[in-house]
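J.: Structure file target23.txt (compact mmCIF, C-alpha atoms and all ligand atoms) is given on the next line.
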# COMPACT_ATOMS: atom_id res chain seq x y z
CA MET A 17 96.92 94.14 67.12
CA LYS A 18 95.84 91.03 68.99
CA GLU A 19 94.20 91.26 72.40
CA VAL A 20 96.17 89.32 75.02
CA CYS A 21 95.36 87.56 78.29
CA VAL A 22 98.28 86.54 80.52
CA ILE A 23 97.82 83.83 83.16
CA THR A 24 100.65 83.22 85.62
CA GLY A 25 100.51 79.70 87.04
CA GLY A 26 98.57 78.82 83.88
CA GLY A 27 100.31 75.47 83.37
CA SER A 28 98.08 73.61 85.84
CA GLY A 29 95.18 73.72 88.28
CA MET A 30 92.96 76.78 88.41
CA GLY A 31 95.15 78.85 86.05
CA LEU A 32 94.81 76.23 83.32
CA ALA A 33 91.09 75.82 84.05
CA THR A 34 90.66 79.60 83.69
CA ALA A 35 92.49 79.64 80.35
CA LYS A 36 89.87 77.24 78.94
CA TYR A 37 87.25 79.99 79.26
CA ILE A 38 89.29 82.63 77.39
CA LYS A 39 88.49 81.92 73.77
CA ASP A 40 88.35 85.39 72.26
CA ARG A 41 92.02 86.39 72.52
CA LEU A 42 95.60 85.15 72.64
CA VAL A 43 96.32 83.47 75.98
CA ILE A 44 99.88 83.47 77.32
CA ILE A 45 100.36 81.00 80.14
CA SER A 46 103.44 81.09 82.35
CA GLY A 47 105.10 79.24 85.20
CA ARG A 48 108.56 77.89 85.95
CA THR A 49 108.31 74.44 84.31
CA GLU A 50 108.57 74.47 80.53
CA THR A 51 107.39 70.88 79.96
CA LYS A 52 104.23 71.52 81.97
CA LEU A 53 103.50 74.70 80.02
CA ALA A 54 104.07 73.01 76.65
CA ALA A 55 101.65 70.19 77.57
CA ALA A 56 99.08 72.72 78.86
CA CYS A 57 99.29 74.67 75.57
CA GLU A 58 98.53 71.50 73.62
CA GLU A 59 95.53 70.83 75.90
CA LEU A 60 94.29 74.39 75.39
CA LYS A 61 94.64 74.24 71.63
CA LYS A 62 92.43 71.11 71.61
CA GLU A 63 89.82 73.15 73.51
CA GLY A 64 89.91 75.88 70.88
CA VAL A 65 92.06 78.34 72.86
CA GLU A 66 94.86 80.17 71.04
CA ALA A 67 97.66 79.69 73.56
CA ILE A 68 101.41 80.19 73.80
CA TYR A 69 103.70 80.04 76.81
CA LYS A 70 106.69 81.77 78.35
CA THR A 71 108.50 80.62 81.47
CA CYS A 72 108.56 83.06 84.36
CA ASP A 73 109.31 82.91 88.08
CA THR A 74 106.99 85.44 89.69
CA SER A 75 109.20 85.69 92.77
CA SER A 76 111.73 87.57 90.59
CA ARG A 77 110.86 91.09 89.47
CA ALA A 78 113.25 90.78 86.50
CA SER A 79 111.53 87.59 85.33
CA VAL A 80 108.08 89.21 85.62
CA ALA A 81 109.31 92.32 83.77
CA GLU A 82 110.52 90.04 80.95
CA LEU A 83 107.13 88.31 80.79
CA ALA A 84 105.28 91.64 80.70
CA LYS A 85 107.49 92.91 77.86
CA PHE A 86 107.01 89.64 75.97
CA ALA A 87 103.22 89.89 76.37
CA ALA A 88 103.17 93.54 75.24
CA ASP A 89 105.14 92.55 72.14
CA GLN A 90 102.37 90.04 71.22
CA GLY A 91 99.53 92.61 71.32
CA VAL A 92 97.37 94.70 73.64
CA ILE A 93 97.29 93.29 77.18
CA LYS A 94 93.61 93.23 78.21
CA GLN A 95 93.70 90.75 81.11
CA VAL A 96 96.29 89.63 83.65
CA ILE A 97 95.29 86.73 85.89
CA ASN A 98 97.82 86.06 88.61
CA CYS A 99 97.33 82.43 89.65
CA ALA A 100 100.96 81.51 90.43
CA GLY A 101 101.38 80.50 94.02
CA MET A 102 102.51 77.87 96.50
CA SER A 103 101.03 76.45 99.72
CA PRO A 104 102.39 75.57 103.19
CA SER A 105 103.00 71.89 102.49
CA MET A 106 105.19 72.84 99.48
CA THR A 107 107.70 75.26 100.99
CA ASN A 108 108.67 77.51 103.91
CA GLY A 109 107.26 80.86 105.06
CA GLU A 110 109.91 83.01 103.40
CA LYS A 111 109.35 81.45 99.97
CA LEU A 112 105.58 81.68 100.41
CA LEU A 113 105.85 85.41 101.09
CA LYS A 114 108.20 85.91 98.15
CA ILE A 115 106.05 84.00 95.64
CA ASN A 116 102.53 84.78 96.81
CA ALA A 117 102.95 88.30 98.18
CA LEU A 118 105.94 89.94 96.49
CA GLY A 119 105.06 88.05 93.29
CA THR A 120 101.72 89.89 93.30
CA VAL A 121 103.50 93.24 93.72
CA TYR A 122 105.77 92.47 90.74
CA VAL A 123 102.93 91.23 88.51
CA ASN A 124 100.63 94.19 89.25
CA GLN A 125 103.39 96.79 88.89
CA GLU A 126 105.24 95.41 85.87
CA PHE A 127 102.12 94.66 83.81
CA ALA A 128 100.49 97.99 84.68
CA LYS A 129 103.31 99.67 82.72
CA TYR A 130 101.81 98.22 79.52
CA MET A 131 98.09 98.27 80.35
CA ASP A 132 95.48 100.82 79.46
CA LYS A 133 91.81 101.80 79.91
CA GLY A 134 89.45 98.81 79.87
CA SER A 135 92.04 96.25 81.00
CA VAL A 136 91.86 94.07 84.13
CA ILE A 137 94.15 92.49 86.71
CA CYS A 138 92.75 89.62 88.79
CA ASP A 139 94.97 88.33 91.61
CA VAL A 140 94.26 84.91 93.09
CA ALA A 141 94.40 84.89 96.91
CA SER A 142 92.86 82.22 99.18
CA ASN A 143 90.17 81.73 101.80
CA SER A 144 93.15 81.49 104.19
CA ALA A 145 93.19 85.28 103.88
CA TYR A 146 90.15 85.17 106.20
CA SER A 147 91.47 82.58 108.63
CA LEU A 148 93.19 85.05 110.98
CA PRO A 149 91.09 87.38 113.18
CA GLY A 150 91.01 90.99 111.97
CA ALA A 151 92.61 92.25 115.20
CA MET A 152 95.54 89.89 114.62
CA VAL A 153 96.05 91.04 111.02
CA LYS A 154 95.79 94.78 111.76
CA PRO A 155 99.35 95.24 113.11
CA PHE A 156 100.74 93.55 109.96
CA LYS A 157 99.31 96.34 107.78
CA PHE A 158 102.40 98.38 108.67
CA PHE A 159 104.54 95.72 106.97
CA TYR A 160 102.07 95.34 104.05
CA LYS A 161 102.67 99.02 103.28
CA GLN A 162 106.43 98.34 103.02
CA ALA A 163 106.09 95.59 100.38
CA ASP A 164 106.61 97.87 97.39
CA LYS A 165 109.11 100.15 99.21
CA ASN A 166 111.29 98.01 101.45
CA GLU A 167 111.00 94.28 100.70
CA ASP A 168 113.48 93.37 103.40
CA LEU A 169 111.42 95.05 106.12
CA PHE A 170 108.23 93.47 104.75
CA LEU A 171 109.73 89.95 104.88
CA LYS A 172 111.58 90.31 108.19
CA GLY A 173 108.60 91.94 109.93
CA ILE A 174 106.24 89.08 109.07
CA LEU A 175 108.77 86.25 109.42
CA LYS A 176 109.81 87.43 112.88
CA VAL A 177 106.26 86.69 114.09
CA THR A 178 105.58 83.50 112.11
CA GLY A 179 109.04 82.24 113.21
CA LEU A 180 107.82 82.20 116.82
CA ILE A 181 105.67 79.15 115.97
CA SER A 182 107.77 76.03 116.56
CA ASP A 183 105.77 73.66 114.35
CA ASP A 184 107.10 74.06 110.77
CA TYR A 185 103.75 73.48 109.06
CA LEU A 186 101.82 75.84 111.35
CA SER A 187 104.52 78.49 110.96
CA ALA A 188 104.37 78.20 107.14
CA GLY A 189 100.56 78.10 107.40
CA MET A 190 100.50 81.47 109.17
CA ALA A 191 102.92 82.93 106.60
CA TYR A 192 100.64 81.56 103.85
CA ALA A 193 97.54 83.10 105.46
CA LEU A 194 99.31 86.46 105.77
CA SER A 195 100.68 86.24 102.21
CA LYS A 196 97.16 85.70 100.87
CA ASN A 197 95.60 88.31 103.16
CA PHE A 198 98.22 90.62 101.70
CA VAL A 199 97.13 89.67 98.15
CA THR A 200 93.55 90.78 98.87
CA TRP A 201 94.85 94.03 100.41
CA TYR A 202 97.34 94.74 97.64
CA ALA A 203 94.83 94.01 94.88
CA ALA A 204 92.49 96.59 96.48
CA LYS A 205 95.35 99.08 96.85
CA THR A 206 96.31 98.60 93.19
CA ALA A 207 92.67 99.08 92.19
CA PHE A 208 92.79 102.59 93.67
CA ASP A 209 96.24 103.31 92.20
CA LEU A 210 95.23 102.21 88.69
CA GLY A 211 91.54 103.18 88.73
CA PRO A 212 92.19 106.71 87.42
CA ARG A 213 93.81 105.10 84.36
CA GLY A 214 90.71 102.94 83.74
CA ILE A 215 92.44 99.71 84.79
CA ARG A 216 90.29 97.50 87.01
CA VAL A 217 91.79 95.27 89.74
CA CYS A 218 90.10 92.67 91.93
CA SER A 219 91.00 89.39 93.64
CA VAL A 220 89.46 85.94 93.98
CA SER A 221 89.87 83.76 97.07
CA PRO A 222 89.27 80.07 96.39
CA GLY A 223 88.46 77.64 99.18
CA LEU A 224 89.84 74.11 99.18
CA ILE A 225 89.95 73.13 95.49
CA ALA A 226 90.79 69.69 94.09
CA THR A 227 94.01 70.62 92.23
CA ASP A 228 97.43 69.06 92.94
CA MET A 229 97.99 71.82 95.49
CA GLY A 230 94.57 71.52 97.12
CA ASN A 231 94.82 67.73 97.35
CA ALA A 232 98.19 68.11 99.08
CA GLU A 233 96.58 70.37 101.69
CA VAL A 234 93.53 68.18 102.44
CA GLU A 235 95.16 66.56 105.44
CA HIS A 236 95.60 69.95 107.14
CA GLY A 237 92.64 71.81 105.64
CA GLY A 238 90.24 68.85 105.61
CA ASP A 239 88.00 70.49 108.20
CA LEU A 240 87.10 73.01 105.50
CA VAL A 241 85.32 70.29 103.53
CA GLU A 242 82.87 69.72 106.39
CA LYS A 243 82.47 73.46 106.86
CA ALA A 244 81.39 74.04 103.24
CA CYS A 245 77.65 74.20 102.47
CA GLU A 246 77.77 71.04 100.33
CA CYS A 247 80.54 69.38 102.41
CA ARG A 248 82.84 69.01 99.39
CA MET A 249 85.99 70.46 97.81
CA GLY A 250 85.62 72.78 94.83
CA GLU A 251 86.54 71.72 91.31
CA ALA A 252 89.28 73.52 89.34
CA ASP A 253 86.76 74.07 86.54
CA GLU A 254 84.31 75.84 88.88
CA LEU A 255 87.03 78.24 89.97
CA GLY A 256 88.27 78.63 86.39
CA TYR A 257 84.84 79.93 85.43
CA CYS A 258 84.66 82.20 88.49
CA ILE A 259 88.11 83.71 87.85
CA ALA A 260 87.47 84.13 84.11
CA THR A 261 84.19 85.90 84.92
CA CYS A 262 85.78 88.23 87.48
CA ALA A 263 88.51 89.06 84.94
CA ASP A 264 86.01 89.62 82.13
CA PRO A 265 86.06 93.28 81.05
CA ARG A 266 82.23 93.18 80.95
CA ASN A 267 82.30 92.87 84.75
CA GLY A 268 83.48 96.49 84.75
CA TYR A 269 82.26 97.57 88.21
CA LEU A 270 83.91 94.74 90.16
CA ALA A 271 86.90 96.59 91.62
CA ALA A 272 88.89 96.69 94.88
CA VAL A 273 86.95 93.68 96.13
CA ASP A 274 87.79 90.08 96.96
CA VAL A 275 85.43 87.41 95.64
CA LEU A 276 85.36 84.59 98.18
CA ALA A 277 84.61 81.43 96.17
CA ASP A 278 84.92 78.83 98.91
CA GLY A 279 81.66 76.90 98.88
CA GLY A 280 80.67 78.70 102.09
CA SER A 281 83.45 77.20 104.23
CA THR A 282 84.62 80.51 105.72
CA ARG A 283 81.08 81.49 106.71
CA GLY A 284 80.41 77.96 107.94
CA ASN A 285 83.53 78.03 110.10
CA ALA A 286 82.71 81.45 111.54
CA GLU A 287 79.00 80.99 112.17
CA PHE A 288 76.75 78.27 110.78
CA LYS A 289 79.09 75.33 111.48
CA HIS A 290 81.25 76.99 114.13
CA ASP A 291 83.12 74.68 116.52
CA PRO A 292 84.22 76.61 119.64
CA LEU A 293 86.70 73.84 120.54
CA ALA A 294 88.48 74.00 117.17
CA PRO A 295 91.55 75.99 118.41
CA LEU A 296 92.15 73.41 121.18
CA LYS A 297 91.78 70.55 118.69
CA MET A 298 94.17 72.23 116.24
CA ALA A 299 96.76 72.67 118.98
CA GLY A 300 96.39 68.94 119.80
CA ILE A 301 95.18 69.69 123.37
CA ILE A 302 91.91 67.75 122.88
CA LYS A 303 90.68 65.40 120.14
N1 LIG B 401 93.99 74.47 95.46
C1 LIG B 401 93.56 75.09 96.53
O1 LIG B 401 92.91 74.49 97.39
C2 LIG B 401 93.80 76.58 96.68
C3 LIG B 401 93.07 77.24 97.67
C4 LIG B 401 93.23 78.60 97.82
C5 LIG B 401 94.09 79.29 97.00
N2 LIG B 401 94.81 78.63 96.06
C6 LIG B 401 95.68 79.44 95.20
O2 LIG B 401 95.28 79.29 93.86
C7 LIG B 401 96.40 79.48 92.99
C8 LIG B 401 96.44 78.33 91.99
O3 LIG B 401 96.69 77.13 92.71
P1 LIG B 401 96.26 75.68 92.17
O4 LIG B 401 95.49 75.05 93.24
O5 LIG B 401 95.72 75.79 90.82
O6 LIG B 401 97.66 74.93 92.22
P2 LIG B 401 98.68 74.44 91.10
O7 LIG B 401 98.06 73.54 90.13
O8 LIG B 401 99.87 73.96 91.86
O9 LIG B 401 99.03 75.81 90.34
C9 LIG B 401 99.98 76.70 90.78
C10 LIG B 401 100.81 77.10 89.57
O10 LIG B 401 101.69 78.13 89.96
C11 LIG B 401 102.95 77.90 89.35
N3 LIG B 401 103.98 78.49 90.20
C12 LIG B 401 104.33 78.14 91.45
N4 LIG B 401 105.32 78.93 91.87
C13 LIG B 401 105.59 79.79 90.87
C14 LIG B 401 106.51 80.85 90.69
N5 LIG B 401 107.41 81.18 91.65
N6 LIG B 401 106.50 81.53 89.53
C15 LIG B 401 105.62 81.22 88.55
N7 LIG B 401 104.73 80.22 88.64
C16 LIG B 401 104.72 79.52 89.80
C17 LIG B 401 103.09 76.39 89.27
O11 LIG B 401 103.91 76.00 88.17
P3 LIG B 401 105.49 75.77 88.34
O12 LIG B 401 105.68 74.96 89.59
O13 LIG B 401 105.87 75.06 87.10
O14 LIG B 401 106.10 77.12 88.42
C18 LIG B 401 101.64 75.95 89.03
O15 LIG B 401 101.37 75.77 87.67
C19 LIG B 401 97.61 79.60 93.89
O16 LIG B 401 97.94 80.96 94.04
C20 LIG B 401 97.13 79.03 95.22
O17 LIG B 401 97.82 79.57 96.33
C21 LIG B 401 94.69 77.29 95.88
Can you present the structure in this file as structure tokens?
Ligand SMILES: NC(=O)c1ccc[n+]([C@@H]2O[C@H](COP(=O)([O-])OP(=O)(O)OC[C@H]3O[C@@H](n4cnc5c(N)ncnc54)[C@H](OP(=O)(O)O)[C@@H]3O)[C@@H](O)[C@H]2O)c1
T.:
Amino acid sequence: MKEVCVITGGGSGMGLATAKYIKDRLVIISGRTETKLAAACEELKKEGVEAIYKTCDTSSRASVAELAKFAADQGVIKQVINCAGMSPSMTNGEKLLKINALGTVYVNQEFAKYMDKGSVICDVASNSAYSLPGAMVKPFKFFYKQADKNEDLFLKGILKVTGLISDDYLSAGMAYALSKNFVTWYAAKTAFDLGPRGIRVCSVSPGLIATDMGNAEVEHGGDLVEKACECRMGEADELGYCIATCADPRNGYLAAVDVLADGGSTRGNAEFKHDPLAPLKMAGIIK
């Protein structure tokens, strides 16, 4: 039986960059756009990666279940890398929560049905997961715990708060930050649920990375470039290597943890390059 690595969101950006480092097994990339996936497979084959694709919308449990069954039919699933996601400039808060947060629940749960000892799930979150103060996030944990029990309560609970923000982008931005904070939390939760079966789970939080998505967010997240140690965006290839390494079965003790690969921007923002006037500037009160 072949060993299999599944990468959601593998048709572009960091998912595709990650696939380039997986040369010892069959790679199945997925996403919603077939033409993009077909082109990505051709690119991977030229790089010496054995790759096939299957379309999947991770915001639908049925679609994820179909992908998991398809992958299990190809061989033994050793790695699942969940890169599919959207950002605030692409869609609204509800869709962000459905794709980024509930999509992670579906991927972790549906693939776990077919996974065994020595396999790994790596969920891709974001440095936005760290952008809200801990005290602000704490009350949302009640809703996080509903995500795999009562999706409606999970969505309504979070959207009721983010909906109080009148600016559409800032409202979606808060939903995005919560969706990705949830990813780090849920990956850790899954690590404890699946640990006794020998399945390892971790997450990776990229900073601002020069993919199509990252470039679209520069205008709003541009401050992060200055806050990074080298004052630059990350490259998709750098994150591809980081994610592939975290998902490597040889990294067997990396569990229930989030790897913050953001060039230092979160730490810079919080301490070494902290600007106390930033909230006033963001709100447009001062320049
Ligand atoms: N770039 C950044 O600065 C940055 C920073 C922090 C975190 N991230 C996270 O990193 C991950 C990868 O992003 P990227 O920068 O590599 O962007 P990207 O190139 O846009 O990749 C995202 C991929 O996800 C797929 N996708 C989107 N919605 C989907 C859905 N409902 N079901 C299945 N696939 C879906 C997209 O393909 P289709 O549209 O064809 O489905 C696309 O191939 C995302 O989770 C993103 O939130 C990115």
J.: Closest to ligand LIG 401 (chain B) among A:Val121, A:Cys258, A:Leu224, A:Ile93, using all atoms listed in the file?
T.: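 Result for the nearest residue to ligand LIG 401 (chain B): A:Leu224.
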J.: Rank A:Ser105, A:Gln90, A:Ser79, A:Ser142 by their smallest atom-to-atom distance to ligand LIG 401 (chain B), using all atoms listed in the file, and report the top residue only.
T.: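 Ranked by minimum distance to ligand LIG 401 (chain B), first place goes to A:Ser142.
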J.: With 6 Å as the cut-off and all atoms listed in the file counted, what is the closest atom pair between each nearby residue of chain A and ligand LIG 401 (chain B)? Distances in Å to one decimal, ordered by chain and number, as JSON lines.
T.:
{"residue": "A:Thr24", "atom": "CA", "partner": "B:LIG401", "partner_atom": "N7", "distance": 5.9}
{"residue": "A:Gly25", "atom": "CA", "partner": "B:LIG401", "partner_atom": "O10", "distance": 3.5}
{"residue": "A:Gly26", "atom": "CA", "partner": "B:LIG401", "partner_atom": "O15", "distance": 5.6}
{"residue": "A:Gly27", "atom": "CA", "partner": "B:LIG401", "partner_atom": "O15", "distance": 4.4}
{"residue": "A:Ser28", "atom": "CA", "partner": "B:LIG401", "partner_atom": "O7", "distance": 4.3}
{"residue": "A:Gly29", "atom": "CA", "partner": "B:LIG401", "partner_atom": "O5", "distance": 3.3}
{"residue": "A:Met30", "atom": "CA", "partner": "B:LIG401", "partner_atom": "O5", "distance": 3.8}
{"residue": "A:Gly31", "atom": "CA", "partner": "B:LIG401", "partner_atom": "O5", "distance": 5.7}
{"residue": "A:Gly47", "atom": "CA", "partner": "B:LIG401", "partner_atom": "N7", "distance": 3.6}
{"residue": "A:Arg48", "atom": "CA", "partner": "B:LIG401", "partner_atom": "O14", "distance": 3.6}
{"residue": "A:Thr49", "atom": "CA", "partner": "B:LIG401", "partner_atom": "O13", "distance": 3.8}
{"residue": "A:Cys72", "atom": "CA", "partner": "B:LIG401", "partner_atom": "C15", "distance": 5.4}
{"residue": "A:Asp73", "atom": "CA", "partner": "B:LIG401", "partner_atom": "N6", "distance": 3.5}
{"residue": "A:Thr74", "atom": "CA", "partner": "B:LIG401", "partner_atom": "N6", "distance": 3.9}
{"residue": "A:Ser75", "atom": "CA", "partner": "B:LIG401", "partner_atom": "N5", "distance": 5.0}
{"residue": "A:Cys99", "atom": "CA", "partner": "B:LIG401", "partner_atom": "C7", "distance": 4.6}
{"residue": "A:Ala100", "atom": "CA", "partner": "B:LIG401", "partner_atom": "O10", "distance": 3.5}
{"residue": "A:Gly101", "atom": "CA", "partner": "B:LIG401", "partner_atom": "O16", "distance": 3.5}
{"residue": "A:Met102", "atom": "CA", "partner": "B:LIG401", "partner_atom": "O17", "distance": 5.0}
{"residue": "A:Ser103", "atom": "CA", "partner": "B:LIG401", "partner_atom": "O17", "distance": 5.6}
{"residue": "A:Ile115", "atom": "CA", "partner": "B:LIG401", "partner_atom": "N5", "distance": 5.1}
{"residue": "A:Val140", "atom": "CA", "partner": "B:LIG401", "partner_atom": "O16", "distance": 5.5}
{"residue": "A:Ala141", "atom": "CA", "partner": "B:LIG401", "partner_atom": "C5", "distance": 5.6}
{"residue": "A:Ser142", "atom": "CA", "partner": "B:LIG401", "partner_atom": "C5", "distance": 3.9}
{"residue": "A:Asn143", "atom": "CA", "partner": "B:LIG401", "partner_atom": "C4", "distance": 5.9}
{"residue": "A:Pro222", "atom": "CA", "partner": "B:LIG401", "partner_atom": "C4", "distance": 4.5}
{"residue": "A:Gly223", "atom": "CA", "partner": "B:LIG401", "partner_atom": "C3", "distance": 4.9}
{"residue": "A:Leu224", "atom": "CA", "partner": "B:LIG401", "partner_atom": "O1", "distance": 3.6}
{"residue": "A:Ile225", "atom": "CA", "partner": "B:LIG401", "partner_atom": "O1", "distance": 3.8}
{"residue": "A:Ala226", "atom": "CA", "partner": "B:LIG401", "partner_atom": "N1", "distance": 5.9}
{"residue": "A:Thr227", "atom": "CA", "partner": "B:LIG401", "partner_atom": "O4", "distance": 4.8}
{"residue": "A:Asp228", "atom": "CA", "partner": "B:LIG401", "partner_atom": "O7", "distance": 5.3}
{"residue": "A:Met229", "atom": "CA", "partner": "B:LIG401", "partner_atom": "O6", "distance": 4.5}
{"residue": "A:Gly230", "atom": "CA", "partner": "B:LIG401", "partner_atom": "O1", "distance": 3.4}
J.: Those residues with C-alpha atoms, as a compact mmCIF listing (two decimals), keeping the file's coordinate frame please?
T.:
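To be explicit, this is the file written out as result-v9.txt:
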# COMPACT_ATOMS: atom_id res chain seq x y z
CA THR A 24 100.65 83.22 85.62
CA GLY A 25 100.51 79.70 87.04
CA GLY A 26 98.57 78.82 83.88
CA GLY A 27 100.31 75.47 83.37
CA SER A 28 98.08 73.61 85.84
CA GLY A 29 95.18 73.72 88.28
CA MET A 30 92.96 76.78 88.41
CA GLY A 31 95.15 78.85 86.05
CA GLY A 47 105.10 79.24 85.20
CA ARG A 48 108.56 77.89 85.95
CA THR A 49 108.31 74.44 84.31
CA CYS A 72 108.56 83.06 84.36
CA ASP A 73 109.31 82.91 88.08
CA THR A 74 106.99 85.44 89.69
CA SER A 75 109.20 85.69 92.77
CA CYS A 99 97.33 82.43 89.65
CA ALA A 100 100.96 81.51 90.43
CA GLY A 101 101.38 80.50 94.02
CA MET A 102 102.51 77.87 96.50
CA SER A 103 101.03 76.45 99.72
CA ILE A 115 106.05 84.00 95.64
CA VAL A 140 94.26 84.91 93.09
CA ALA A 141 94.40 84.89 96.91
CA SER A 142 92.86 82.22 99.18
CA ASN A 143 90.17 81.73 101.80
CA PRO A 222 89.27 80.07 96.39
CA GLY A 223 88.46 77.64 99.18
CA LEU A 224 89.84 74.11 99.18
CA ILE A 225 89.95 73.13 95.49
CA ALA A 226 90.79 69.69 94.09
CA THR A 227 94.01 70.62 92.23
CA ASP A 228 97.43 69.06 92.94
CA MET A 229 97.99 71.82 95.49
CA GLY A 230 94.57 71.52 97.12
J.: What is the atom CA of Glu126 of chain A to atom CA of Ala81 of chain A distance in Å?
T.: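 Atom CA of Glu126 of chain A sits 5.5 Å away from atom CA of Ala81 of chain A.
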J.: If you count all atoms listed in the file, which residues fall within 8 Å of Asp139 of chain A, apart from same-chain ones fewer than 4 positions away, as JSON, numbers by chain?
T.: {"A": [97, 98, 99, 120, 199, 200, 203, 217, 218, 219, 220]}
J.: Please identify all polymer residues within 10 Å of Tyr37 of chain A, counting only C-alpha atoms, omitting same-chain residues fewer than 3 positions from it, and present them as a count of residues only.
T.: 15
J.: For atom CA of Ser46 of chain A and atom CA of Lys18 of chain A, quote the distance in Å rounded to one decimal.
T.: 18.3 Å
J.: One number please: atom CA of Pro265 of chain A to atom CA of Ile38 of chain A, in Å, one decimal.
T.: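 According to the coordinates, atom CA of Pro265 of chain A and atom CA of Ile38 of chain A are separated by 11.7 Å.
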J.: Could you check the closest approach to Asn267 of chain A for each of A:Ser135, A:Ser182, A:Ser147, A:Ser195 and tell me which residue wins, using all atoms listed in the file?
T.: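 Going through A:Ser135, A:Ser182, A:Ser147, A:Ser195 one by one, the smallest distance to Asn267 of chain A is for A:Ser135.
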